[in-house]
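For reference, work.cif is printed below; it contains mmCIF, C-alpha atoms.
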data_coords
loop_
_atom_site.group_PDB
_atom_site.id
_atom_site.type_symbol
_atom_site.label_atom_id
_atom_site.label_comp_id
_atom_site.auth_asym_id
_atom_site.auth_seq_id
_atom_site.Cartn_x
_atom_site.Cartn_y
_atom_site.Cartn_z
ATOM 1 C CA MET A 598 10.918 9.344 5.413
ATOM 2 C CA ASP A 599 8.567 12.036 4.174
ATOM 3 C CA VAL A 600 5.469 10.773 5.994
ATOM 4 C CA LEU A 601 7.127 10.663 9.432
ATOM 5 C CA LYS A 602 8.760 13.072 11.808
ATOM 6 C CA LYS A 603 11.253 11.506 14.213
ATOM 7 C CA ARG A 604 12.791 12.497 17.507
ATOM 8 C CA LYS A 605 14.998 10.602 19.895
ATOM 9 C CA ILE A 606 13.470 9.610 23.209
ATOM 10 C CA GLN A 607 14.807 8.171 26.429
ATOM 11 C CA VAL A 608 13.914 4.523 27.012
ATOM 12 C CA PRO A 609 12.343 2.910 28.868
ATOM 13 C CA VAL A 610 9.385 5.269 28.512
ATOM 14 C CA ASP A 611 7.558 5.593 31.837
ATOM 15 C CA SER A 612 4.896 8.240 31.180
ATOM 16 C CA ARG A 613 2.209 8.941 28.609
ATOM 17 C CA GLU A 614 3.480 12.524 28.676
ATOM 18 C CA THR A 615 6.240 11.317 26.317
ATOM 19 C CA PHE A 616 3.542 11.329 23.617
ATOM 20 C CA GLN A 617 2.015 14.539 22.331
ATOM 21 C CA PRO A 618 -1.698 14.786 23.211
ATOM 22 C CA ARG A 619 -2.934 15.244 19.639
ATOM 23 C CA GLY A 620 -2.153 13.368 16.445
ATOM 24 C CA VAL A 621 -0.706 9.921 15.762
ATOM 25 C CA HIS A 622 2.617 9.088 17.391
ATOM 26 C CA PHE A 623 4.286 5.737 17.996
ATOM 27 C CA MET A 624 7.387 3.922 19.161
ATOM 28 C CA TRP A 625 8.784 0.508 18.293
ATOM 29 C CA LEU A 626 9.071 -2.059 21.074
ATOM 30 C CA GLY A 627 11.140 -4.666 19.213
ATOM 31 C CA GLN A 628 9.976 -7.647 17.119
ATOM 32 C CA SER A 629 6.582 -6.432 15.768
ATOM 33 C CA GLY A 630 5.533 -4.573 18.903
ATOM 34 C CA PHE A 631 4.447 -0.923 18.912
ATOM 35 C CA LEU A 632 2.916 1.579 21.274
ATOM 36 C CA PHE A 633 0.712 4.117 19.488
ATOM 37 C CA SER A 634 -0.804 7.299 20.827
ATOM 38 C CA VAL A 635 -3.912 8.299 18.855
ATOM 39 C CA ASP A 636 -5.119 11.697 20.064
ATOM 40 C CA GLY A 637 -3.921 10.666 23.515
ATOM 41 C CA THR A 638 -5.362 7.128 23.498
ATOM 42 C CA LEU A 639 -2.582 4.590 24.131
ATOM 43 C CA VAL A 640 -2.759 1.516 21.880
ATOM 44 C CA LEU A 641 -0.412 -1.417 22.451
ATOM 45 C CA VAL A 642 0.009 -3.625 19.361
ATOM 46 C CA ASP A 643 1.702 -7.059 19.239
ATOM 47 C CA ALA A 644 3.926 -6.178 22.174
ATOM 48 C CA TYR A 645 6.416 -8.713 23.517
ATOM 49 C CA LEU A 646 7.643 -7.156 26.761
ATOM 50 C CA SER A 647 8.230 -10.098 29.099
ATOM 51 C CA ASN A 648 10.838 -12.878 29.125
ATOM 52 C CA TYR A 649 8.139 -15.514 28.659
ATOM 53 C CA LEU A 650 9.702 -17.282 25.672
ATOM 54 C CA GLU A 651 13.122 -17.489 27.258
ATOM 55 C CA HIS A 652 11.678 -19.995 29.708
ATOM 56 C CA ASN A 653 8.643 -21.348 27.811
ATOM 57 C CA HIS A 654 9.637 -22.006 24.210
ATOM 58 C CA GLY A 655 8.443 -25.609 24.358
ATOM 59 C CA ASN A 656 10.060 -27.879 21.792
ATOM 60 C CA LEU A 657 11.330 -25.068 19.569
ATOM 61 C CA PRO A 658 15.024 -25.648 18.904
ATOM 62 C CA PHE A 659 16.370 -22.101 19.331
ATOM 63 C CA ALA A 660 17.116 -19.987 22.367
ATOM 64 C CA HIS A 661 14.614 -17.149 22.868
ATOM 65 C CA ASP A 662 16.696 -14.812 25.026
ATOM 66 C CA ARG A 663 15.813 -11.150 24.513
ATOM 67 C CA MET A 664 18.376 -9.093 22.609
ATOM 68 C CA ILE A 665 16.927 -5.786 23.831
ATOM 69 C CA PRO A 666 15.306 -4.806 27.131
ATOM 70 C CA ALA A 667 11.665 -3.733 27.130
ATOM 71 C CA PRO A 668 11.562 -0.072 25.995
ATOM 72 C CA ILE A 669 8.543 0.838 28.110
ATOM 73 C CA ALA A 670 8.460 0.615 31.896
ATOM 74 C CA ASP A 671 5.947 -1.395 33.910
ATOM 75 C CA ILE A 672 4.656 1.836 35.462
ATOM 76 C CA LEU A 673 3.156 2.775 32.070
ATOM 77 C CA LEU A 674 1.068 -0.390 31.706
ATOM 78 C CA PRO A 675 -1.931 0.833 33.786
ATOM 79 C CA ASP A 676 -2.266 3.733 31.307
ATOM 80 C CA ILE A 677 -2.804 1.501 28.250
ATOM 81 C CA ASP A 678 -6.296 1.960 26.817
ATOM 82 C CA LEU A 679 -6.394 -0.636 24.040
ATOM 83 C CA VAL A 680 -4.414 -3.825 23.388
ATOM 84 C CA VAL A 681 -4.403 -5.165 19.816
ATOM 85 C CA VAL A 682 -3.077 -8.573 18.764
ATOM 86 C CA THR A 683 -2.666 -9.856 15.193
ATOM 87 C CA HIS A 684 -2.253 -13.557 16.054
ATOM 88 C CA GLY A 685 -1.608 -15.996 18.850
ATOM 89 C CA HIS A 686 2.146 -16.638 18.752
ATOM 90 C CA GLU A 687 3.672 -15.697 22.083
ATOM 91 C CA ASP A 688 5.959 -13.007 20.627
ATOM 92 C CA HIS A 689 2.755 -11.165 19.643
ATOM 93 C CA LEU A 690 0.289 -12.374 22.262
ATOM 94 C CA ASP A 691 2.729 -12.357 25.179
ATOM 95 C CA PRO A 692 1.278 -14.424 28.052
ATOM 96 C CA GLY A 693 3.576 -12.785 30.583
ATOM 97 C CA LEU A 694 2.459 -9.317 29.492
ATOM 98 C CA MET A 695 -1.224 -10.253 29.254
ATOM 99 C CA GLU A 696 -1.222 -11.676 32.770
ATOM 100 C CA GLN A 697 0.499 -8.516 34.028
ATOM 101 C CA LEU A 698 -2.023 -6.273 32.264
ATOM 102 C CA GLY A 699 -4.849 -8.327 33.761
ATOM 103 C CA ARG A 700 -3.480 -7.588 37.225
ATOM 104 C CA CYS A 701 -2.503 -3.924 36.896
ATOM 105 C CA ASN A 702 -4.889 -2.462 34.317
ATOM 106 C CA ALA A 703 -8.646 -2.638 34.862
ATOM 107 C CA LYS A 704 -9.661 -0.451 31.915
ATOM 108 C CA ALA A 705 -7.872 -1.760 28.816
ATOM 109 C CA VAL A 706 -9.916 -3.397 26.061
ATOM 110 C CA PHE A 707 -8.358 -6.277 24.110
ATOM 111 C CA ALA A 708 -9.029 -6.564 20.349
ATOM 112 C CA VAL A 709 -7.989 -9.928 18.873
ATOM 113 C CA PRO A 710 -8.892 -12.450 16.154
ATOM 114 C CA PRO A 711 -11.596 -14.946 17.213
ATOM 115 C CA GLY A 712 -9.055 -17.765 17.336
ATOM 116 C CA CYS A 713 -7.065 -15.926 20.030
ATOM 117 C CA ILE A 714 -9.882 -15.325 22.510
ATOM 118 C CA GLU A 715 -9.282 -18.571 24.391
ATOM 119 C CA SER A 716 -5.568 -17.774 24.766
ATOM 120 C CA LEU A 717 -6.425 -14.412 26.298
ATOM 121 C CA GLY A 718 -8.847 -16.077 28.683
ATOM 122 C CA ASN A 719 -6.077 -18.460 29.744
ATOM 123 C CA CYS A 720 -4.044 -15.381 30.662
ATOM 124 C CA GLY A 721 -6.770 -14.197 33.028
ATOM 125 C CA ILE A 722 -8.432 -11.614 30.751
ATOM 126 C CA SER A 723 -12.197 -11.686 31.293
ATOM 127 C CA ASN A 724 -14.526 -12.040 28.317
ATOM 128 C CA ASP A 725 -16.199 -8.690 28.951
ATOM 129 C CA ARG A 726 -12.901 -6.962 28.108
ATOM 130 C CA ILE A 727 -12.262 -8.895 24.876
ATOM 131 C CA ARG A 728 -13.481 -7.741 21.456
ATOM 132 C CA SER A 729 -13.388 -10.019 18.412
ATOM 133 C CA VAL A 730 -11.958 -8.581 15.201
ATOM 134 C CA SER A 731 -12.456 -10.385 11.891
ATOM 135 C CA PRO A 732 -12.928 -9.539 8.206
ATOM 136 C CA GLU A 733 -16.665 -9.544 8.892
ATOM 137 C CA THR A 734 -16.396 -7.603 12.159
ATOM 138 C CA PRO A 735 -14.491 -4.299 12.049
ATOM 139 C CA PHE A 736 -13.665 -2.739 15.395
ATOM 140 C CA ALA A 737 -14.096 0.871 16.538
ATOM 141 C CA PHE A 738 -12.822 2.525 19.702
ATOM 142 C CA ASN A 739 -12.995 6.003 21.238
ATOM 143 C CA GLY A 740 -14.284 7.650 18.072
ATOM 144 C CA SER A 741 -10.844 8.044 16.479
ATOM 145 C CA ILE A 742 -9.809 4.392 16.009
ATOM 146 C CA ARG A 743 -11.146 1.862 13.513
ATOM 147 C CA ILE A 744 -9.623 -1.513 12.613
ATOM 148 C CA GLU A 745 -10.413 -3.549 9.506
ATOM 149 C CA SER A 746 -8.772 -6.905 8.822
ATOM 150 C CA PHE A 747 -7.902 -9.633 6.343
ATOM 151 C CA PRO A 748 -6.607 -13.185 6.922
ATOM 152 C CA ALA A 749 -2.833 -13.439 7.154
ATOM 153 C CA ALA A 750 -0.818 -16.383 5.812
ATOM 154 C CA HIS A 751 0.943 -17.582 8.933
ATOM 155 C CA PRO A 752 1.520 -20.134 7.669
ATOM 156 C CA GLN A 753 -1.763 -20.466 5.706
ATOM 157 C CA PRO A 754 -4.710 -18.034 5.592
ATOM 158 C CA ASN A 755 -7.959 -19.082 7.254
ATOM 159 C CA PHE A 756 -11.034 -17.533 5.643
ATOM 160 C CA ASP A 757 -13.440 -18.783 8.308
ATOM 161 C CA ALA A 758 -14.243 -15.470 10.019
ATOM 162 C CA ALA A 759 -15.424 -17.271 13.162
ATOM 163 C CA LYS A 760 -12.168 -19.152 13.658
ATOM 164 C CA VAL A 761 -9.444 -17.047 12.025
ATOM 165 C CA TRP A 762 -6.316 -16.939 14.204
ATOM 166 C CA ALA A 763 -3.965 -14.625 12.275
ATOM 167 C CA LEU A 764 -4.938 -11.300 10.721
ATOM 168 C CA SER A 765 -3.454 -8.304 9.003
ATOM 169 C CA TYR A 766 -4.998 -4.983 9.990
ATOM 170 C CA ARG A 767 -5.805 -1.684 8.360
ATOM 171 C CA PHE A 768 -5.709 0.887 11.141
ATOM 172 C CA SER A 769 -7.634 4.130 10.751
ATOM 173 C CA PHE A 770 -6.044 6.218 13.483
ATOM 174 C CA ALA A 771 -7.530 9.740 13.599
ATOM 175 C CA ASP A 772 -6.962 10.990 10.028
ATOM 176 C CA LYS A 773 -4.154 8.512 9.224
ATOM 177 C CA THR A 774 -4.336 5.026 7.725
ATOM 178 C CA ILE A 775 -1.707 2.372 8.446
ATOM 179 C CA LEU A 776 -1.515 -1.112 6.969
ATOM 180 C CA PHE A 777 -0.170 -3.262 9.805
ATOM 181 C CA ALA A 778 0.554 -6.703 8.378
ATOM 182 C CA GLY A 779 1.368 -8.640 11.516
ATOM 183 C CA ASP A 780 3.027 -11.927 10.528
ATOM 184 C CA THR A 781 2.304 -13.026 6.972
ATOM 185 C CA THR A 782 3.713 -14.012 3.648
ATOM 186 C CA ILE A 783 2.312 -12.354 0.531
ATOM 187 C CA PHE A 784 -0.390 -14.057 -1.529
ATOM 188 C CA ARG A 785 -2.598 -12.687 -4.269
ATOM 189 C CA ARG A 786 -5.805 -12.118 -2.296
ATOM 190 C CA TRP A 787 -3.828 -10.397 0.463
ATOM 191 C CA SER A 788 -2.074 -8.180 -2.091
ATOM 192 C CA VAL A 789 -5.398 -7.145 -3.619
ATOM 193 C CA TRP A 790 -6.746 -6.274 -0.166
ATOM 194 C CA ALA A 791 -3.590 -4.397 0.816
ATOM 195 C CA SER A 792 -3.730 -2.224 -2.287
ATOM 196 C CA ALA A 793 -7.505 -1.711 -2.325
ATOM 197 C CA ARG A 794 -7.374 1.558 -0.387
ATOM 198 C CA PRO A 795 -4.699 4.222 -0.135
ATOM 199 C CA CYS A 796 -2.652 4.145 3.067
ATOM 200 C CA ASP A 797 -0.286 6.644 4.599
ATOM 201 C CA LEU A 798 2.130 3.939 5.766
ATOM 202 C CA PHE A 799 2.807 0.207 5.470
ATOM 203 C CA VAL A 800 4.256 -1.511 8.558
ATOM 204 C CA LEU A 801 5.442 -4.902 7.306
ATOM 205 C CA PRO A 802 7.616 -7.738 8.629
ATOM 206 C CA VAL A 803 10.941 -8.140 6.827
ATOM 207 C CA ASN A 804 12.531 -11.125 8.580
ATOM 208 C CA GLY A 805 11.689 -13.607 5.812
ATOM 209 C CA ARG A 806 11.459 -17.362 6.161
ATOM 210 C CA ASP A 807 13.754 -20.359 6.087
ATOM 211 C CA PRO A 808 12.672 -23.893 5.055
ATOM 212 C CA VAL A 809 14.917 -25.490 7.678
ATOM 213 C CA LYS A 810 13.509 -23.303 10.449
ATOM 214 C CA GLU A 811 9.956 -23.813 9.215
ATOM 215 C CA SER A 812 10.455 -27.589 9.301
ATOM 216 C CA ARG A 813 11.352 -27.157 12.979
ATOM 217 C CA GLY A 814 8.333 -25.027 13.897
ATOM 218 C CA ILE A 815 9.576 -21.480 13.231
ATOM 219 C CA VAL A 816 7.027 -19.941 10.844
ATOM 220 C CA GLY A 817 8.379 -17.169 8.626
ATOM 221 C CA ASN A 818 7.133 -14.030 6.905
ATOM 222 C CA MET A 819 7.677 -11.944 3.809
ATOM 223 C CA ASP A 820 11.282 -10.851 3.444
ATOM 224 C CA PHE A 821 12.708 -7.370 2.967
ATOM 225 C CA HIS A 822 12.530 -7.426 -0.830
ATOM 226 C CA GLU A 823 8.959 -8.709 -0.881
ATOM 227 C CA ALA A 824 7.923 -5.973 1.548
ATOM 228 C CA LEU A 825 9.727 -3.456 -0.632
ATOM 229 C CA ILE A 826 7.923 -4.613 -3.779
ATOM 230 C CA ILE A 827 4.404 -4.647 -2.314
ATOM 231 C CA SER A 828 4.796 -1.228 -0.689
ATOM 232 C CA GLN A 829 6.428 0.504 -3.623
ATOM 233 C CA SER A 830 4.005 -1.049 -6.122
ATOM 234 C CA VAL A 831 1.326 1.140 -4.546
ATOM 235 C CA ALA A 832 3.687 4.056 -3.811
ATOM 236 C CA THR A 833 3.264 3.714 -0.042
ATOM 237 C CA PRO A 834 6.090 4.400 2.446
ATOM 238 C CA LEU A 835 7.391 1.285 4.193
ATOM 239 C CA LEU A 836 8.480 0.837 7.789
ATOM 240 C CA GLY A 837 10.128 -2.574 8.051
ATOM 241 C CA THR A 838 9.867 -4.471 11.318
ATOM 242 C CA HIS A 839 9.951 -7.919 13.012
ATOM 243 C CA PHE A 840 13.649 -8.252 13.795
ATOM 244 C CA GLY A 841 16.116 -7.531 16.554
ATOM 245 C CA MET A 842 14.497 -9.506 19.373
ATOM 246 C CA PHE A 843 15.880 -13.042 18.990
ATOM 247 C CA ALA A 844 19.289 -13.896 17.547
ATOM 248 C CA PHE A 845 17.946 -16.800 15.465
ATOM 249 C CA ASN A 846 15.183 -14.723 13.848
ATOM 250 C CA THR A 847 16.503 -11.325 12.871
ATOM 251 C CA ILE A 848 17.992 -9.655 9.784
ATOM 252 C CA ASP A 849 21.230 -8.110 8.613
ATOM 253 C CA GLU A 850 20.224 -4.494 9.159
ATOM 254 C CA ALA A 851 23.358 -3.107 7.500
ATOM 255 C CA MET A 852 22.659 -5.088 4.322
ATOM 256 C CA ALA A 853 19.051 -3.901 4.220
ATOM 257 C CA GLN A 854 20.184 -0.309 4.701
ATOM 258 C CA GLU A 855 22.658 -0.704 1.830
ATOM 259 C CA GLU A 856 19.750 -1.743 -0.387
ATOM 260 C CA ILE A 857 17.729 1.281 0.680
ATOM 261 C CA ASP A 858 20.672 3.558 -0.081
ATOM 262 C CA ARG A 859 21.524 1.848 -3.379
ATOM 263 C CA PHE A 860 18.035 2.404 -4.783
ATOM 264 C CA GLY A 861 17.707 5.922 -3.358
ATOM 265 C CA LEU A 862 14.738 5.003 -1.179
ATOM 266 C CA GLU A 863 15.737 6.858 1.985
ATOM 267 C CA GLN A 864 12.567 8.976 1.867
ATOM 268 C CA LYS A 865 10.319 5.984 1.202
ATOM 269 C CA VAL A 866 11.698 3.068 3.236
ATOM 270 C CA GLU A 867 13.059 2.713 6.770
ATOM 271 C CA LEU A 868 13.757 0.026 9.322
ATOM 272 C CA THR A 869 12.310 0.519 12.795
ATOM 273 C CA LYS A 870 14.639 1.758 15.528
ATOM 274 C CA ILE A 871 14.488 1.652 19.309
ATOM 275 C CA GLY A 872 14.559 5.003 21.106
ATOM 276 C CA VAL A 873 12.749 6.919 18.355
ATOM 277 C CA MET A 874 9.338 8.566 18.562
ATOM 278 C CA TYR A 875 7.644 8.545 15.169
ATOM 279 C CA SER A 876 4.967 11.166 14.447
ATOM 280 C CA MET A 877 2.805 11.059 11.350
ATOM 281 C CA LYS A 878 2.733 14.303 9.398
#

Show how you would write the structure in this file as structure tokens.
Amino acid sequence: MDVLKKRKIQVPVDSRETFQPRGVHFMWLGQSGFLFSVDGTLVLVDAYLSNYLEHNHGNLPFAHDRMIPAPIADILLPDIDLVVVTHGHEDHLDPGLMEQLGRCNAKAVFAVPPGCIESLGNCGISNDRIRSVSPETPFAFNGSIRIESFPAAHPQPNFDAAKVWALSYRFSFADKTILFAGDTTIFRRWSVWASARPCDLFVLPVNGRDPVKESRGIVGNMDFHEALIISQSVATPLLGTHFGMFAFNTIDEAMAQEEIDRFGLEQKVELTKIGVMYSMK
């Protein structure tokens, strides 16, 4: 992909020295989790690193055993500067991880939708460390990070800025702009927002949705083709994500890659991969 440089890295990553000190670099953590380095500031986004759901999936009918081990080591967690969450589902707001961060990291700030603040508090994160992000309240951090947001449809958008629980984000990281959708389907107002400003990269879920699963409590997202259409309609490179963590909720990666190859989109579309450090050009 033209907008990204890539190099293989050893996982699990156990030191911030794996990231270059300047620029925007990131690695995929599985599902929709990422660790970004923005001019040396470490930003954890939607990370699911524990085994919480394997043992606490409530009445959901599918096993939640991890398919991949956590690609960052516990020793790195005290170095995290900012934790960002798009919504309150436990594969994005991981209670096991949040409780661990509360114990081992005294400096990290947590940026979440207003509807997720109580969940963070239940994980032991004190209110003075939590920052609310909403369409009416952008968030800035360390001079080189700014986050704007729009309600996500997961399953339905909530336009009450004081109560919204699921958001999509537009990250301004140093001189780069990334649309990070979190979990959402596509609807007209979201599409207008997503295309309102040029972005260097779209990071979108591609796992789709299934009426049978949704009837049993598994909320879905846009699928690969929908992500392809929205990104290419505004000529923005696409990094597809939200797969590979749970056997019941993943994609056929080979089939998606065949589609990329068939349409000659290798320089415009990729699926995330473990063990790769992405650097924005």

Non-local contacts of Asp691 in chain A (9 Å; only C-alpha atoms; under 2 positions in same chain excluded) as an MDAnalysis selection string: chainID A and resid 643:647 649:650 685:689 693:696

Residues selected by the PyMOL selection byres ((chain A and resi 875) around 8), written as an MDAnalysis selection string: chainID A and resid 601:604 622:624 873:874 876:877

Neighbour list for range 867-872 of chain A as a PyMOL selection string, cut-off 8 Å, all atoms listed in the file, skip fewer than 6 positions in-chain: chain A and resi 598+605-608+624-627+668+835-838+850+854+857

Interatomic distance, CA of Ser788 in chain A to CA of Gly805 in chain A (Å, one decimal): 16.8 Å

Exercise: His661 in chain A partners within 8 Å, only C-alpha atoms, chain neighbours under 3 positions left out, as a ChimeraX atom specification: /A:650-652,654,843-844

Computed interatomic separation between CA of Asp757 in chain A and CA of Gly718 in chain A (Å):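 Between these atoms lies a distance of 21.1 Å.
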
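When the PyMOL selection byres ((chain A and resi 778) around 7) is evaluated against the file, it yields A:Ser765, A:Tyr766, A:Leu776, A:Phe777, A:Gly779, A:Asp780, A:Thr781, A:Val800, A:Leu801.
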
Which residue of A:Gly637, A:Pro735, A:Pro609, A:Pro748 approaches Val761 in chain A most closely, using all atoms listed in the file: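 Ranked by minimum distance to Val761 in chain A, first place goes to A:Pro748.
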
Residues within 9 Å of range 806-816 of chain A, only C-alpha atoms, excluding chain neighbours under 2 positions, as a ChimeraX atom specification: /A:656-658,751-752,780,782,804,818-820,846

Who sits within 10 Å of Val640 in chain A, only C-alpha atoms, same chain under 6 positions skipped, as an NGL selection string: :A and (623 or 631-634 or 676-681 or 705-707 or 742)

For the residues in that selection, give me C-alpha atoms as a short mmCIF file (atom, residue, chain, number, x, y, z; two decimals), keeping the file's coordinate frame.
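So the final result, stored in result.cif, reads:
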data_model
loop_
_atom_site.label_atom_id
_atom_site.label_comp_id
_atom_site.auth_asym_id
_atom_site.auth_seq_id
_atom_site.Cartn_x
_atom_site.Cartn_y
_atom_site.Cartn_z
CA PHE A 623 4.29 5.74 18.00
CA PHE A 631 4.45 -0.92 18.91
CA LEU A 632 2.92 1.58 21.27
CA PHE A 633 0.71 4.12 19.49
CA SER A 634 -0.80 7.30 20.83
CA ASP A 676 -2.27 3.73 31.31
CA ILE A 677 -2.80 1.50 28.25
CA ASP A 678 -6.30 1.96 26.82
CA LEU A 679 -6.39 -0.64 24.04
CA VAL A 680 -4.41 -3.82 23.39
CA VAL A 681 -4.40 -5.16 19.82
CA ALA A 705 -7.87 -1.76 28.82
CA VAL A 706 -9.92 -3.40 26.06
CA PHE A 707 -8.36 -6.28 24.11
CA ILE A 742 -9.81 4.39 16.01
#

Evaluate the PyMOL selection byres ((chain A and resi 736) around 12) and report residues as a VMD selection string: chain A and resid 679 681 706 to 710 727 to 735 737 to 746 766 to 770

Between CA of His839 in chain A and CA of Thr638 in chain A - distance in Å to one decimal: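 These atoms are spaced 23.9 Å apart.
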
Option closest in space to Phe840 in chain A, from A:Pro711, A:Gly630, A:Pro675, A:Pro754 [counting only C-alpha atoms]: A:Gly630

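Considering the residues A:Thr615, A:Thr683, A:Gln628, A:Ser716 and counting only C-alpha atoms, Met664 in chain A has its shortest atom-to-atom contact with A:Gln628.
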